[in-house]
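Inspection log for the structure reproduced underneath, given as structure tokens.
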Amino acid sequence: MKKILALLLFAISFLTVRAEEPQYPLIGAQVFIEPGQTQQDIDHWFKVLEESGMTICRIRMFESYMKNESGNWDFTLFDTAFKAAERHGIKVYGTFFPETSKTDIGGWKAPKDEEQLAKFAEFIKQVTVHFKQYKSLYAWVLINEIGGGYQDNSFTRKLRKEWSKTNPTIDRNDKGYPVLVDLLDGKFRAYENTWVLNWIANEVRKYDQKVHLHENCHAIFSLVDEYNFTEWRPFLNSFGGSAHASWHFGFFDRQQYAMAMSANSEMIYSGAGRLPWIMTEISGGNTTYSGNIPLCPTAEEITQWLWTILATEGKGGIFWTLNPRASGIESGEWALLDFQHQPTDRVRAASEVISCAKKNSFVLSKSKKYDSGINILYIRESLFAEEQLNKDGKKMPPKETGSIMKDMLGYFEVLSQSGVTPNFKAIEEYDFSQDNFENQTIILADQIAIPQKYVEQLNHFVSKGGKLIVDGLTGFYDENVHNVMLTGFPLKSLFGGEIAEFKYNDTPFSYSMSGSKVTLPGYGWIGRIKSLATSSTLSTNDTEVTAIRNQFGKGKVIWIPTLIGYGARLFGYKPLAKFLYKECELNKQPFLFDKFQPLVSMKTLKTQDGYITVIFNKSKEVKKMMIKQLSNNFKSQILFANKKGFCKGSNLMISPEETVVINWSLK
Amino acid sequence: MKKILALLLFAISFLTVRAEEPQYPLIGAQVFIEPGQTQQDIDHWFKVLEESGMTICRIRMFESYMKNESGNWDFTLFDTAFKAAERHGIKVYGTFFPETSKTDIGGWKAPKDEEQLAKFAEFIKQVTVHFKQYKSLYAWVLINEIGGGYQDNSFTRKLRKEWSKTNPTIDRNDKGYPVLVDLLDGKFRAYENTWVLNWIANEVRKYDQKVHLHENCHAIFSLVDEYNFTEWRPFLNSFGGSAHASWHFGFFDRQQYAMAMSANSEMIYSGAGRLPWIMTEISGGNTTYSGNIPLCPTAEEITQWLWTILATEGKGGIFWTLNPRASGIESGEWALLDFQHQPTDRVRAASEVISCAKKNSFVLSKSKKYDSGINILYIRESLFAEEQLNKDGKKMPPKETGSIMKDMLGYFEVLSQSGVTPNFKAIEEYDFSQDNFENQTIILADQIAIPQKYVEQLNHFVSKGGKLIVDGLTGFYDENVHNVMLTGFPLKSLFGGEIAEFKYNDTPFSYSMSGSKVTLPGYGWIGRIKSLATSSTLSTNDTEVTAIRNQFGKGKVIWIPTLIGYGARLFGYKPLAKFLYKECELNKQPFLFDKFQPLVSMKTLKTQDGYITVIFNKSKEVKKMMIKQLSNNFKSQILFANKKGFCKGSNLMISPEETVVINWSLK
Amino acid sequence: MKKILALLLFAISFLTVRAEEPQYPLIGAQVFIEPGQTQQDIDHWFKVLEESGMTICRIRMFESYMKNESGNWDFTLFDTAFKAAERHGIKVYGTFFPETSKTDIGGWKAPKDEEQLAKFAEFIKQVTVHFKQYKSLYAWVLINEIGGGYQDNSFTRKLRKEWSKTNPTIDRNDKGYPVLVDLLDGKFRAYENTWVLNWIANEVRKYDQKVHLHENCHAIFSLVDEYNFTEWRPFLNSFGGSAHASWHFGFFDRQQYAMAMSANSEMIYSGAGRLPWIMTEISGGNTTYSGNIPLCPTAEEITQWLWTILATEGKGGIFWTLNPRASGIESGEWALLDFQHQPTDRVRAASEVISCAKKNSFVLSKSKKYDSGINILYIRESLFAEEQLNKDGKKMPPKETGSIMKDMLGYFEVLSQSGVTPNFKAIEEYDFSQDNFENQTIILADQIAIPQKYVEQLNHFVSKGGKLIVDGLTGFYDENVHNVMLTGFPLKSLFGGEIAEFKYNDTPFSYSMSGSKVTLPGYGWIGRIKSLATSSTLSTNDTEVTAIRNQFGKGKVIWIPTLIGYGARLFGYKPLAKFLYKECELNKQPFLFDKFQPLVSMKTLKTQDGYITVIFNKSKEVKKMMIKQLSNNFKSQILFANKKGFCKGSNLMISPEETVVINWSLK
């Protein structure tokens with residue numbers, strides 16, 4: 001029933017989408033509207049957008065600023081903005097921002113009680129009905145940055161109570177063992193997120209069947225387990241995210257921010273499925289007192305971030321913000337414009353990207369993300385489990401919350417610096433329905449809890465020719481935090497063995513991989529494997545087997561039960577790059593770096609008859625390298641370079657902090 | 001009305017001050033009186049005070065120890081002390097210490113409810129009436145260390161409710177912008193402090209019109225924003241403070257404690273206005289389990305601290321404590337005497353200072369702090385704002401609470417090590433009512449929030465010949481945490497421009513100052529200036545203006561919008577010393593070090609026909625230097641030196657940790 | 001009355017102890033029983049125990065798993081285990097584990113209310129009555145890891161109220177001084193621990209007068225002040241403890257874990273008095289998400305820990321666990337067996353120890369811990385005081401909680417590395433009733449609070465020939481946190497002087513000890529001594545006496561009032577080793593290292609006509625050394641060596657991480 005409803009909604013949403021879409025690329029900025037601003041101010045900002053080549057903007061629709069002194073609705077301030085947008089040809093993404101406390105800079109994520117829910121419904125009605133008059137209205141952002149902000153209140157308690165009826169606490173698992181730690185908290189948070197978004201979408205649809213609906217997730221490296229993206233697809237028209245270095249990139253240092261943006265983009269791209277996506281919030285300027293750390297993006301970073309998004313098939317992005325808010329926390333911060341409302345070098349950087357993207361819109365807008373066939377998958381039960389098991393608050397890597405993500409990111413970073421961007425997906429976003437997975441690789445990095453339902457899918461994947469690379473404590477628990485390694489390992493025949501023991505090792509250690517000269521640094525636990533006859537030994541530790549390769553059906557599994565990705569982050573990426581080059585058959589990729597390039601990364605788009613590669617140099621040196629192409633059918637042409645970037649045939653020169661975009665068309 | 005009342009109280013307080021004052025210098029110690037002590041013990045302590053040359057003491061008047069078993073008042077224990085004080089010619093500062101929990105080592109700062117207030121009134125009455133009989137009674141300390149200890153209770157809530165009537169929350173500012181973060185919490189705390197002190201003073205005056213009234217502030221580098229000193233002047237007869245390295249000098253390392261004492265003294269001196277001041281609490285001895293850090297002052301530090309106070313025109317100071325308390329936390333700690341109640345080397349150090357000060361009382365007691373004309377000003381709204389904006393608790397310099405103070409202290413330390421002690425004042429303590437400010441300098445270091453009322457005063461100051469040095473985010477907000485840089489910068493014509501952007505920079509950076517060979521290290525944010533024609537460029541960053549000099553009326557402004565003072569603390573004082581030497585025209589100072597002297601500092605008093613300079617050497621080397629005098633009219637004579645200090649003409653030799661006092665009289 | 005009752009219980013307990021005891025050594029493991037396990041699983045585990053030579057096991061008796069669906073008692077699961085134990089000749093220690101929350105991995109320590117107490121009584125009755133049928137039942141562990149887990153609840157409040165009648169708050173001490181900080185919180189916690197254990201023991205005895213009663217303390221370096229071991233002796237039949245590196249050895253680094261195990265063992269051995277003891281929990285395997293730190297013991301560590309216990313006259317120990325629990329936190333962790341339920345190298349290590357101990361059971365089981373006569377004593381009032389004085393939470397060594405313990409451990413470590421294991425005792429566990437203490441040494445390391453009652457005992461000890469070594473702030477307070485150094489030092493004639501001052505010193509400092517070439521590093525405070533004529537100076541600091549030696553009666557006191565033990569841990573053990581060699585007359589010990597051996601330690605047992613020495617090498621080098629024997633009467637024979645250990649005469653060679661056991665029998 002629920003499924004039918006979802007499909008129905010999905011169908012409706014496609015039927016009713018507004019015809020008039022903004023032009024590619026959808027790049028713009030948040031126009032921060034608040035009382036005190038003059039009509040001139042507001043017009044000026046839209047004029048700046050227009051002059052910068054931007055086509056979209058976002059406006060936070062403060063309920064607090066929509067009431068006059070007698071308490072009646074008064075949309076004057078925002079009318080001014082929507083009219084200015086029309087005058088300057090800018091399409092608006094309006095964000096519902098129901099009344100909250102003055103110092104709440106992000107807004108609430110779920111109502112606190114039924115009364116607040118009803119008030120929100122009325123607000124949505126008023127705003128939806130009023131603003132549909134404007135041609136400048138393009139989309140509603142359902143709520144700002146869903147997730148991560150739950151509080152124990154009557155609304156949440158009631159919703160959970162209902163939800164619990166179909167998601168009860170389980171006393172014993174199928175084998176009869178007690179279930180002592182469950183993952184219901186996390187599952188419910190994900191459910192509530194979807195519920196709230198769906199409810200808002202339904203409210204909007206009561207009054208406007210055509211408007212575009214959008215949502216921005218945030219802090220994705222911490223909150224992604226709450227984001228059941230596939231469940232959002234039926235009621236959203238596009239996906240989005242907030243990706244702020246100051247708030248969200250704590251797992252990365254500054255040289256890695258472009259990499260963080262890339263991983264963030266991949267996760268949203270995958271979540272969106274066939275729907276389009278944009279990066280709804282990109283940091284526009286300096287932070288002083290807000291954010292987790294003080295920071296000001298450079299113009300070069302702006303360029304890197306925009307091209308990263310476009311190279312992940314993003315339709316564009318919206319800077320937070322064009323103009324800064326004027327009061328309170330965040331005032332005078334985050335903006336693309338300076339205090340005199342004039343464009344900064346960051347605006348100029350954005351304009352250059354826009355200009356290039358427009359010029360090459362014909363090829364770019366129809367390009368698809370090139371699918372390398374390499375997939376780093378996360379299983380939300382693993383992330384929930386990590387959180388639950390760290391509830392005592394004792395922080396100690398590699399057990400602390402975030403360790404799984406860091407292990408996954410290690411692989412992402414290694415491959416990106418080899419010139420190949422892997423997919424970064426929730427397991428349910430991967431299409432297991434195929435019959436042939438040759439040339440497909442799945443990486444399960446420290447996925448500590450694997451529900452039974454995925455075991456079959458993984459079996460199917462490998463048996464039909466897929467390659468599976470497994471590390472860390474992957475498969476330690478099932479979805480009930482039951483230790484299946486102990487009571488019957490369901491992945492035994494797939495992996496080609498089972499773990500005898502995991503032993504934590506507090507001194508550095510490494511793996512000499514047989515059949516190659518690679519010595520991989522490990523981290524954390526060493527798994528001792530009892531292997532089956534189907535497997536061959538990849539690495540040993542004295543007399544113990546520590547890594548194996550297994551043939552399963554038509555496919556293969558590589559199993560190295562230690563934190564290889566995390567280890568690469570700590571002790572160096574190069575050995576893992578070498579290992580994956582062979583195991584992932586990178587030589588079959590259409591485009592590739594000639595060798596591992598520290599701090600340089602590449603993303604690839606597939607055009608109709610060729611490719612576009614986007615290269616970022618985050619090192620401090622001018623880099624000269626060869627872009628290896630599999631066939632020799634393509635000739636290079638630089639579409640964009642913001643320094644001295646230069647490409648002759650396959651030979652690239654790229655300056656520090658530079659972004660270079662190359663179009664490879666048939667010779 | 002309030003003002004008239006205040007003036008009236010002020011007038012009364014002057015009329016009724018007790019005639020008989022203790023002799024200069026007012027140096028003494030806390031005699032800690034508690035049950036269990038014998039008459040002999042108590043007499044012995046006063047005898048030690050007398051023998052050490054001390055003339056004053058302080059006694060904590062524990063309400064808890066003034067009731068007999070039937071609950072009636074019983075002052076016996078304290079009578080013993082006051083009588084002993086009389087016998088030994090010691091004047092007593094009694095501290096009201098109303099009943100509190102046993103483990104409360106500092107006492108409460110405001111009553112918790114009306115009942116406790118009434119009980120306190122009765123206590124004041126009993127004590128005031130009873131002890132006025134003693135000639136040894138000199139002063140009441142209204143309450144121990146007002147400020148910093150507020151709790152949410154019925155008294156505070158009621159007082160705030162009343163106060164809110166005249167200090168309401170503001171929804172929109174004059175320009176129509178919303179006010180999202182206000183500073184009312186801080187303003188109220190300051191109000192409550194004054195209210196409580198004023199109330200106590202009024203209670204005392206009901207029973208004793210002559211007794212001297214005193215108060216000691218504490219933790220001044222953190223709490224000064226709560227101290228509206230100018231409002232205290234009407235009802236106090238003298239100001240004071242607690243200055244404990246273990247509790248209060250956390251922004252300093254040990255070599256800087258004399259510097260911390262100097263800044264602390266300057267702030268109280270300025271707050272007191274024309275009233276006298278003493279340092280009410282100076283650490284007397286070792287801490288083990290109390291204090292923030294374990295610490296024992298050396299005899300040399302005792303000497304440094306006393307001379308610092310006297311050189312800031314302080315009348316003296318009181319050690320905490322003479323004898324230690326015997327029970328609980330603090331027992332056996334903090335004392336000048338050893339466990340056998342015998343004087344330590346710290347007492348001998350104090351006695352030497354006393355002896356010298358007495359011997360030279362004629363010249364010293366009439367000396368005034370020499371006003372260098374250089375004023376580091378703090379604006380309490382800036383400090384309140386810093387606190388509010390850090391409420392989320394994320395600590396990250398230079399945004400964390402305390403950063404403003406550290407930036408200010410950087411200037412204080414640089415100048416002190418050049419041989420000149422600047423004033424350290426609240427802006428309202430500075431006299432803007434003059435017509436000529438030539439030879440006056442004001443330094444606004446990172447004063448992030450400037451109320452409109454001060455803008456006019458600063459305009460007046462510069463236009464009439466003053467020099468203004470501005471750094472950091474000074475002027476970022478107004479008193480409503482509204483970002484005026486964005487919506488019309490009121491200091492534009494004064495500063496000679498406006499900020500286009502502040503950009504946080506996470507790598508070290510510096511400023512090459514034009515017209516000098518100085519390269520100043522900056523810290524934190526780099527401000528890009530859009531300058532007016534009235535200004536000239538002082539420094540650029542590529543094509544951007546990063547510092548300017550502006551002519552405004554008869555005066556000048558130097559604007560370097562980065563954290564110069566904080567940067568000096570982190571990356572070295574010397575460049576700033578060189579810069580300020582020129583900009584503050586230090587060569588016009590009557591006395592000066594020949595060059596910047598790391599870890600050596602000087603304070604100057606003006607005698608009737610000459611000067612006294614006090615020099616401290618906190619370095620580990622014997623220093624030889626020249627004391628430059630502007631005119632050559634004065635001859636030097638050493639009044640005090642506790643090591644091998646030696647001065648021939650202008651040539652000084654000073655040992656590590658030594659204090660040297662030089663009298664400069666007309667040749 | 002209470003005493004008589006205690007004696008009575010004591011008598012009863014001896015009379016009624018079950019005849020049939022497990023064979024020496026009592027080494028086994030926790031068989032973790034939970035639903036889901038099959039009969040085959042369970043039988044297999046007991047079979048493994050039997051095959052490994054283990055004779056005992058422990059079973060957590062979960063009340064939660066003893067009810068069927070209708071809520072009636074159902075012991076089936078545990079019956080299976082007890083029967084399997086019988087089949088395989090394993091004796092069971094059952095742990096009462098009353099119902100608690102699913103995620104409570106340690107269980108509660110005291111009931112929350114009367115209802116829970118009553119429910120517990122019923123549970124004890126049911127379990128006691130039912131399981132006494134099994135011959136495999138040997139002992140009940142009264143509750144898992146008493147102590148450290150108190151919460152404010154109605155049961156505790158009620159118990160405290162009653163207790164307070166005889167333990168009231170004291171307002172004034174004997175001298176009339178106020179008591180401001182008391183130690184009642186700590187004393188009550190110790191009382192409640194004893195009360196709960198005693199209550200459980202009484203409940204058991206209602207139904208089973210013969211069963212053995214046991215209790216395991218835990219986290220001993222933090223909680224020992226709560227453990228009034230002497231009060232437990234009347235109702236326990238044996239003592240025990242949990243000693244987990246991951247949870248409990250935070251004061252030690254990994255190379256010191258064997259040392260930690262040794263100190264832990266000594267404390268339990270001393271607490272047990274004449275009763276036997278075993279180490280109830282020894283870590284069996286790897287930790288991932290549980291524990292304070294991830295850790296996996298090596299086989300060598302298993303060997304070290306077992307021999308440490310046996311060498312402290314422990315009867316054996318129980319690993320936590322044999323098989324891991326399968327669900328929730330801890331699932332798949334801590335186990336001796338691997339995930340296929342097969343023995344690991346840690347089991348093999350244990351089996352080797354068991355095999356050797358069995359083979360030499362005749363000599364080993366009758367051996368007594370050799371009493372070196374050197375006693376490190378802790379006074380629980382000192383530990384309570386340290387806790388109270390750190391209640392403000394400001395952490396700063398050496399005042400932070402744990403500093404006293406670290407100072408004590410410094411001595412323990414130095415002596416152990418000299419080849420001599422000192423006793424580690426609560427002061428009340430030391431037998432002061434003798435008349436001659438020649439060749440006895442007591443070390444009081446930083447015992448900051450000494451109750452008056454112990455002063456007389458210490459006087460008696462020294463006057464009758466004992467040697468007392470005193471350091472740190474020992475004797476600073478009495479039991480009411482009153483500073484007796486200030487108001488009449490009761491230890492003056494004993495120590496040969498009194499402290500004039502303690503001064504904290506924040507730079508490294510040391511003591512040149514007269515009459516030897518030793519320069520001891522100090523730490524923290526330097527005590528300046530006013531010495532009596534009976535004493536001679538040991539060390540001076542300029543003109544001040546900083547350490548003395550005092551003759552008192554027939555004995556001597558060495559007083560070095562600084563943190564010598566802590567200093568040794570920070571700055572090197574060797575000087576203290578040299579000093580103690582002389583002062584403790586180590587040359588009179590029957591067995592000794594030829595010189596201080598860093599990271600090597602020795603423990604000694606007295607056999608009927610000789611000795612057994614157990615040596616551990618935690619260094620990374622093969623060590624060659626001489627074992628010095630006092631008389632030359634004994635010849636060496638290696639009983640155990642798990643590497644290339646070798647002993648010819650007195651010459652020992654021992655490999656890194658090796659344990660060597662030598663039997664010294666009469667030539």
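Within each chain, counting starts at residue 1; across the structure tokens, chains are named A, B, ... in the order shown, with ligands numbered 1 upward in that order.
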Show me a table, sorted first by chain and then by increasing residue number, of the residues of chain A having an atom at most 7 Å from chain B, each with its shortest atom pair and the distance in Å to one decimal, counting only C-alpha atoms and written as CSV.
residue,atom,partner,partner_atom,distance
A:Pro35,CA,B:Tyr177,CA,5.1
A:Gly36,CA,B:Tyr177,CA,4.2
A:Lys102,CA,B:Leu180,CA,5.2
A:Thr103,CA,B:Leu180,CA,6.1
A:Asn286,CA,B:Lys503,CA,5.5
A:Thr288,CA,B:Lys399,CA,6.8
A:Tyr289,CA,B:Lys399,CA,6.0
A:Asn292,CA,B:Lys394,CA,6.8
A:Ile293,CA,B:Met396,CA,6.6
A:Pro294,CA,B:Tyr504,CA,6.2
A:Leu295,CA,B:Tyr504,CA,5.2
A:Cys296,CA,B:Tyr504,CA,5.4
A:Ala326,CA,B:Asn483,CA,5.2
A:Ser327,CA,B:His482,CA,4.3
A:Gly328,CA,B:Val181,CA,4.8
A:Ile329,CA,B:Leu389,CA,6.5
A:Ser331,CA,B:Asn483,CA,5.9
A:Gly332,CA,B:Asn483,CA,5.9
A:Asp338,CA,B:Ala500,CA,5.1
A:Phe339,CA,B:Leu486,CA,4.5
A:Gln340,CA,B:Ala500,CA,6.3
Set the distance at 8 Å and use only C-alpha atoms: which residues neighbour Pro324 of chain A once local chain neighbours fewer than 2 positions away are removed? I'd like the list as a JSON list (two decimals) with C-alpha atoms, in the first residue's frame.
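Result file result_32.json:
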[["chain", "number", "residue", "atom", "x", "y", "z"],
["A", 32, "PHE", "CA", 19.23, 36.98, 2.45],
["A", 321, "THR", "CA", 25.09, 33.69, 0.75],
["A", 322, "LEU", "CA", 25.11, 36.50, -1.73],
["A", 326, "ALA", "CA", 23.04, 42.08, 9.08],
["A", 330, "GLU", "CA", 26.42, 35.17, 11.19],
["A", 331, "SER", "CA", 26.00, 38.88, 10.56],
["A", 332, "GLY", "CA", 28.59, 40.11, 8.12],
["A", 333, "GLU", "CA", 29.68, 36.52, 7.48],
["A", 334, "TRP", "CA", 29.47, 33.89, 4.70],
["A", 335, "ALA", "CA", 28.85, 36.33, 1.83],
["A", 337, "LEU", "CA", 29.62, 40.27, -1.73]]
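Nearest residue to Gly241 of chain C among C:Phe634, C:Phe362, C:Phe319, C:Tyr138 is C:Phe319, counting only C-alpha atoms.
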For Ala81 of chain A: contacts at 8 Å, only C-alpha atoms, fewer than 2 positions along chain excluded, given as a PyMOL selection string
chain A and resi 33+42-43+77-79+83-85
Output C-alpha atoms for every residue in that selection, as a short mmCIF file (atom, residue, chain, number, x, y, z; two decimals), in the first residue's frame.
data_model
loop_
_atom_site.label_atom_id
_atom_site.label_comp_id
_atom_site.auth_asym_id
_atom_site.auth_seq_id
_atom_site.Cartn_x
_atom_site.Cartn_y
_atom_site.Cartn_z
CA ILE A 33 16.02 38.92 2.93
CA ILE A 42 17.16 44.20 -2.83
CA ASP A 43 17.06 45.22 -6.43
CA LEU A 77 9.21 42.37 2.13
CA PHE A 78 9.33 39.11 0.21
CA ASP A 79 7.11 40.42 -2.58
CA LYS A 83 9.50 41.09 -8.06
CA ALA A 84 13.14 42.04 -8.22
CA ALA A 85 13.91 38.45 -9.15
#
Any idea what's packed within 12 Å of Leu415 of chain A, counting only C-alpha atoms, ignoring anything in its chain fewer than 2 positions away? Could you give it as a PyMOL selection string?
chain A and resi 259+262-263+372+374-376+408-413+417-424+443+565+568+573-586+589+592-593+595-603
Based on the backbone DSSP call, show me all residues of segment 564-612 of chain C assigned strand (DSSP E), as a list in words.
Phe591, Leu592, Phe593, Val600, Ser601, Met602, Lys603, Thr604, Leu605, Lys606, Tyr611 and Ile612 of chain C
Please, which residues of segment 18-62 of chain A, numbered as in this document, come out alpha helix (DSSP H) from DSSP, as a ChimeraX atom specification?
/A:39-51
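Contact shell of Ile124 of chain B at 9 Å (only C-alpha atoms; same-chain neighbours under 4 positions omitted): Phe96, Pro98, Lys119, Phe120, Thr128, Val129, Ile200, Glu203 and Val204 of chain B.
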Near-Glu50 of chain C list (10 Å; only C-alpha atoms; drop same-chain fewer than 5 positions) as a list in words
Gly28, His44, Trp45, Thr55, Ile56, Ala85, Arg87, His88, Gly89 and Ile90 of chain C
Keeping C-alpha atoms, export the residues of the selection given above as a PDB file, in the first residue's frame.
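The result, stored in again39.pdb:
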ATOM      1  CA  GLY C  28      39.283 -21.457  34.420  1.00  0.00           C
ATOM      2  CA  HIS C  44      31.626 -28.111  23.757  1.00  0.00           C
ATOM      3  CA  TRP C  45      32.749 -25.216  25.894  1.00  0.00           C
ATOM      4  CA  THR C  55      39.029 -26.951  36.571  1.00  0.00           C
ATOM      5  CA  ILE C  56      36.733 -24.057  37.275  1.00  0.00           C
ATOM      6  CA  ALA C  85      30.057 -28.787  34.024  1.00  0.00           C
ATOM      7  CA  ARG C  87      30.099 -34.099  32.967  1.00  0.00           C
ATOM      8  CA  HIS C  88      33.444 -32.425  32.397  1.00  0.00           C
ATOM      9  CA  GLY C  89      34.510 -32.108  36.030  1.00  0.00           C
ATOM     10  CA  ILE C  90      34.337 -28.331  36.128  1.00  0.00           C
TER      11      ILE C  90
END
Using only C-alpha atoms, pick whichever of C:Val141, C:Ile282, C:Ile302, C:Met267 has the shortest atom-to-atom distance to Asn642 of chain C.
C:Ile302
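From atom CA of Gly567 of chain B back to atom CA of Ser222 of chain B, the distance works out to 20.0 Å.
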